[in-house]
Amino acid sequence: MMSAENLHKFRNELTAVLFHACIWLAISFVWFSIIKNPATVPFCAAVCAAASYAAYRFSHKIVLSSVRARRISEREEPQLYAIVRELAAESSLSMPRVYVVPALSPNIFVTGRSPSHACLCCTEGLLMMMNHRELRAVVGHELRHVANRDIVPASIACACARIILDAACCCMKFGQRKSDSRKTTVYYLGKVLFILTAPLAACIIRTVASQERELVADEESCELTSDPEALASALHKIESVTRIDPMDKTAGVRAVQMLMIASPFAVEGADRLLSAHMPVSERTAYLLGKDLYAASSDSAGFSGEYVGGCVGDAVA
């Protein structure tokens with residue numbers, strides 16, 4: 001009988017396959033509805049197959065380029081490398097490649113088509129604002145995503161979303177004749193794809209980056225580091241700073257946000273319905289339990305001296 005861990009990994013890989021099938025079937029349907037020429041179906045199938053291969057094979061490169069991440073050496077960030085190496089060894093994982101995003105808003109994520117091709121990426125703001133315990137906690141969270149193979153469907157989904165968005169923009173750009181300003185069929189195909197991008201992204205967020213996986217990674221990170229208070233502190237710090245200084249809402253960041261440990265934008269109103277991230281208060285309550293959560297508030301543990309001081313320092 002399949003173990004719970006193997007079942008979780010199998011479900012993630014199956015999600016990736018089904019996601020590919022649904023996305024490209026939808027695109028094929030839109031293509032045929034607009035073009036209405038059976039002769040173009042093989043061409044559409046070839047495009048979908050090529051895009052699927054690119055989304056799988058180069059998903060990490062597409063994701064990293066979307067946020068302008070650069071690879072860093074151990075000499076640049078020795079503390080981060082030491083933490084990643086230690087926790088990767090404890091999780092029986094190979095050392096992932098380490099990248100940094102030029103953004104002051106704190107956040108972190110992992111990407112890659114498999115654990116052996118994993119890339120851990122954090123913002124410059126995260127490195128500046130997190131203390132050693134908090135940095136260890138968030139790295140542990142991301143490495144549990146790697147161990148559970150959560151990164152496989154999520155990375156492919158992000159890459160697909162970016163490919164679709166770029167394809168739609170290209171169709172709109174080259175589908176309009178400059179000579180007489182007339183719009184061709186290619187333009188309208190791009191327009192439809194562009195209109196479908198937003199609900200498609202919402203579908204990706206709700207089906208691939210489930211909140212359940214975040215809770216599992218939170219819990220396993222606490223088991224790995226034996227420090228739930230540090231993870232709770234880090235999550236509160238990220239949320240507090242993001243409210244004041246969110247990341248720029250570029251197409252790349254929007255495509256990658258589902259991979260991040262917490263939303264890079266201030267999530268309010270209707271946006272909560274489309275968010276892949278649970279509210280931080282719910283996550284910390286789940287992590288620590290109501291009794292421990294309340295007890296820590298009265299002591300110098302969770303929301304008093306330790307967390308409150310960290311958040312205050314970060315925001316200042």
# chains A, B, ... in the order shown; residues from 1 in each chain; ligands from 1
>>> residues_around(residues="His145 in chain A", least_positions_apart="5", cutoff="8 Å", atoms="only C-alpha atoms", output="ChimeraX atom specification")
/A:110,150-151,213,217
>>> residues_around(residues="range 91-100 of chain A", least_positions_apart="5", cutoff="8 Å", atoms="only C-alpha atoms", output="list of chain:residue names")
A:Ala69, A:Arg70, A:Arg71, A:Ile72, A:Ser73, A:Tyr81, A:Val84, A:Arg85, A:Pro115, A:Ser116, A:His117, A:Ala118, A:Cys119, A:Leu120, A:Cys121, A:Cys122, A:Thr123, A:Glu124, A:Leu143, A:Arg144, A:Ala147, A:Leu224
>>> write_last_selection(atoms="N, CA, C and O atoms", output="tab-separated table (two decimals), in the first residue's frame")
chain	number	residue	atom	x	y	z
A	69	ALA	N	15.91	37.27	-11.09
A	69	ALA	CA	16.77	36.70	-10.05
A	69	ALA	C	18.16	36.43	-10.60
A	69	ALA	O	18.34	36.11	-11.77
A	70	ARG	N	19.16	36.58	-9.74
A	70	ARG	CA	20.55	36.25	-10.12
A	70	ARG	C	21.11	35.25	-9.13
A	70	ARG	O	20.79	35.27	-7.94
A	71	ARG	N	21.94	34.37	-9.64
A	71	ARG	CA	22.55	33.35	-8.78
A	71	ARG	C	23.66	33.98	-7.94
A	71	ARG	O	24.43	34.81	-8.43
A	72	ILE	N	23.73	33.58	-6.68
A	72	ILE	CA	24.76	34.12	-5.79
A	72	ILE	C	25.67	32.99	-5.31
A	72	ILE	O	25.30	31.81	-5.30
A	73	SER	N	26.87	33.36	-4.91
A	73	SER	CA	27.86	32.38	-4.45
A	73	SER	C	27.86	32.31	-2.93
A	73	SER	O	27.29	33.17	-2.24
A	81	TYR	N	23.94	30.13	2.82
A	81	TYR	CA	24.42	28.86	2.30
A	81	TYR	C	24.55	27.82	3.41
A	81	TYR	O	24.21	26.64	3.23
A	84	VAL	N	21.01	26.60	4.31
A	84	VAL	CA	20.45	25.76	3.25
A	84	VAL	C	21.13	24.40	3.23
A	84	VAL	O	20.48	23.36	3.12
A	85	ARG	N	22.45	24.37	3.34
A	85	ARG	CA	23.20	23.12	3.32
A	85	ARG	C	22.81	22.22	4.49
A	85	ARG	O	22.61	21.01	4.33
A	115	PRO	N	13.40	17.73	-7.50
A	115	PRO	CA	14.26	18.07	-6.35
A	115	PRO	C	15.73	18.24	-6.72
A	115	PRO	O	16.43	19.07	-6.14
A	116	SER	N	16.20	17.48	-7.70
A	116	SER	CA	17.61	17.58	-8.10
A	116	SER	C	17.90	18.84	-8.91
A	116	SER	O	19.06	19.20	-9.11
A	117	HIS	N	16.85	19.51	-9.39
A	117	HIS	CA	17.01	20.76	-10.13
A	117	HIS	C	16.41	21.94	-9.38
A	117	HIS	O	16.06	22.96	-9.98
A	118	ALA	N	16.29	21.82	-8.07
A	118	ALA	CA	15.64	22.85	-7.27
A	118	ALA	C	16.50	24.11	-7.19
A	118	ALA	O	17.73	24.06	-7.12
A	119	CYS	N	15.82	25.25	-7.19
A	119	CYS	CA	16.46	26.56	-7.04
A	119	CYS	C	15.75	27.30	-5.92
A	119	CYS	O	14.53	27.48	-5.98
A	120	LEU	N	16.48	27.72	-4.91
A	120	LEU	CA	15.91	28.50	-3.81
A	120	LEU	C	16.19	29.96	-4.08
A	120	LEU	O	17.32	30.34	-4.36
A	121	CYS	N	15.16	30.77	-4.01
A	121	CYS	CA	15.28	32.18	-4.39
A	121	CYS	C	14.65	33.05	-3.31
A	121	CYS	O	13.51	32.84	-2.90
A	122	CYS	N	15.40	34.02	-2.81
A	122	CYS	CA	14.88	34.94	-1.81
A	122	CYS	C	15.18	36.38	-2.23
A	122	CYS	O	16.05	36.63	-3.06
A	123	THR	N	14.42	37.29	-1.68
A	123	THR	CA	14.63	38.70	-2.00
A	123	THR	C	15.75	39.29	-1.14
A	123	THR	O	16.08	38.75	-0.07
A	124	GLU	N	16.30	40.39	-1.59
A	124	GLU	CA	17.32	41.08	-0.80
A	124	GLU	C	16.73	41.55	0.53
A	124	GLU	O	17.41	41.54	1.56
A	143	LEU	N	12.26	24.10	1.68
A	143	LEU	CA	12.88	22.80	1.41
A	143	LEU	C	11.88	21.66	1.59
A	143	LEU	O	12.00	20.62	0.95
A	144	ARG	N	10.88	21.86	2.46
A	144	ARG	CA	9.85	20.83	2.59
A	144	ARG	C	8.98	20.79	1.32
A	144	ARG	O	8.50	19.73	0.94
A	147	ALA	N	11.02	18.61	-0.92
A	147	ALA	CA	10.94	17.20	-0.53
A	147	ALA	C	9.59	16.58	-0.89
A	147	ALA	O	9.52	15.41	-1.29
A	224	LEU	N	11.22	20.16	11.32
A	224	LEU	CA	12.61	20.13	10.86
A	224	LEU	C	13.50	21.05	11.69
A	224	LEU	O	14.62	20.68	12.04
>>> select_by_dssp(residues="range 57-128 of chain A", states="strand (DSSP E)", output="MDAnalysis selection string")
chainID A and resid 70:71 97:101 108:111 119:123
>>> atom_distance(atom1="CA of Glu229 in chain A", atom2="CA of Leu287 in chain A")
8.7 Å
>>> residues_around(residues="Leu235 in chain A", least_positions_apart="4", cutoff="10 Å", atoms="only C-alpha atoms", output="list in words")
Pro106, Asn107, Glu134, Ala137, Val138, Glu229, Ala230, Leu231, Glu239, Ser240, Ile261, Ala262, Pro279, Val280, Ser281, Arg283, Thr284, Val307 and Val311 of chain A
>>> write_last_selection(atoms="N, CA, C and O atoms", output="compact mmCIF listing (two decimals), in the first residue's frame")
# COMPACT_ATOMS: atom_id res chain seq x y z
N PRO A 106 10.35 41.53 1.67
CA PRO A 106 10.86 40.20 2.02
C PRO A 106 9.96 39.08 1.50
O PRO A 106 8.75 39.12 1.65
N ASN A 107 10.57 38.08 0.87
CA ASN A 107 9.85 36.90 0.42
C ASN A 107 10.85 35.84 -0.01
O ASN A 107 12.04 36.13 -0.20
N GLU A 134 14.74 33.07 12.06
CA GLU A 134 13.67 33.27 11.08
C GLU A 134 14.10 32.81 9.69
O GLU A 134 13.33 32.18 8.97
N ALA A 137 13.92 29.15 9.55
CA ALA A 137 12.54 28.67 9.50
C ALA A 137 11.95 28.75 8.09
O ALA A 137 11.30 27.81 7.62
N VAL A 138 12.14 29.88 7.41
CA VAL A 138 11.55 30.03 6.07
C VAL A 138 12.27 29.15 5.05
O VAL A 138 11.65 28.63 4.12
N GLU A 229 8.00 29.16 16.67
CA GLU A 229 7.92 30.59 16.94
C GLU A 229 8.68 31.41 15.90
O GLU A 229 8.27 32.50 15.52
N ALA A 230 9.81 30.87 15.43
CA ALA A 230 10.61 31.59 14.43
C ALA A 230 9.86 31.70 13.10
O ALA A 230 9.89 32.74 12.45
N LEU A 231 9.18 30.61 12.70
CA LEU A 231 8.42 30.67 11.45
C LEU A 231 7.25 31.63 11.59
O LEU A 231 6.96 32.42 10.67
N GLU A 239 4.38 39.78 6.30
CA GLU A 239 3.07 40.41 6.11
C GLU A 239 3.11 41.89 6.48
O GLU A 239 2.55 42.73 5.76
N SER A 240 3.76 42.22 7.60
CA SER A 240 3.79 43.61 8.06
C SER A 240 4.51 44.52 7.08
O SER A 240 4.04 45.62 6.76
N ILE A 261 6.32 32.20 -0.21
CA ILE A 261 5.88 31.74 1.10
C ILE A 261 4.70 32.54 1.62
O ILE A 261 3.88 32.04 2.39
N ALA A 262 4.59 33.79 1.22
CA ALA A 262 3.45 34.64 1.58
C ALA A 262 3.20 35.57 0.41
O ALA A 262 4.07 35.79 -0.43
N PRO A 279 -4.45 33.67 5.40
CA PRO A 279 -4.04 34.79 6.25
C PRO A 279 -2.99 34.33 7.25
O PRO A 279 -3.07 33.22 7.79
N VAL A 280 -2.01 35.17 7.51
CA VAL A 280 -0.92 34.81 8.41
C VAL A 280 -1.44 34.46 9.80
O VAL A 280 -0.93 33.54 10.45
N SER A 281 -2.46 35.16 10.27
CA SER A 281 -3.00 34.88 11.60
C SER A 281 -3.52 33.45 11.69
O SER A 281 -3.35 32.79 12.72
N ARG A 283 -2.48 30.89 9.80
CA ARG A 283 -1.33 29.98 9.70
C ARG A 283 -0.61 29.85 11.03
O ARG A 283 -0.23 28.75 11.44
N THR A 284 -0.39 30.97 11.71
CA THR A 284 0.31 30.91 12.99
C THR A 284 -0.55 30.25 14.06
O THR A 284 -0.03 29.52 14.91
N VAL A 307 8.64 38.50 18.55
CA VAL A 307 8.04 38.83 17.26
C VAL A 307 7.78 40.32 17.14
O VAL A 307 8.10 40.93 16.14
N VAL A 311 9.27 42.68 14.10
CA VAL A 311 8.42 43.37 13.13
C VAL A 311 8.63 44.87 13.24
O VAL A 311 8.73 45.57 12.24
>>> closest_residue(among="A:Arg243, A:Lys237, A:Lys249, A:His141", to="Ser66 in chain A", atoms="only C-alpha atoms")
A:Lys249
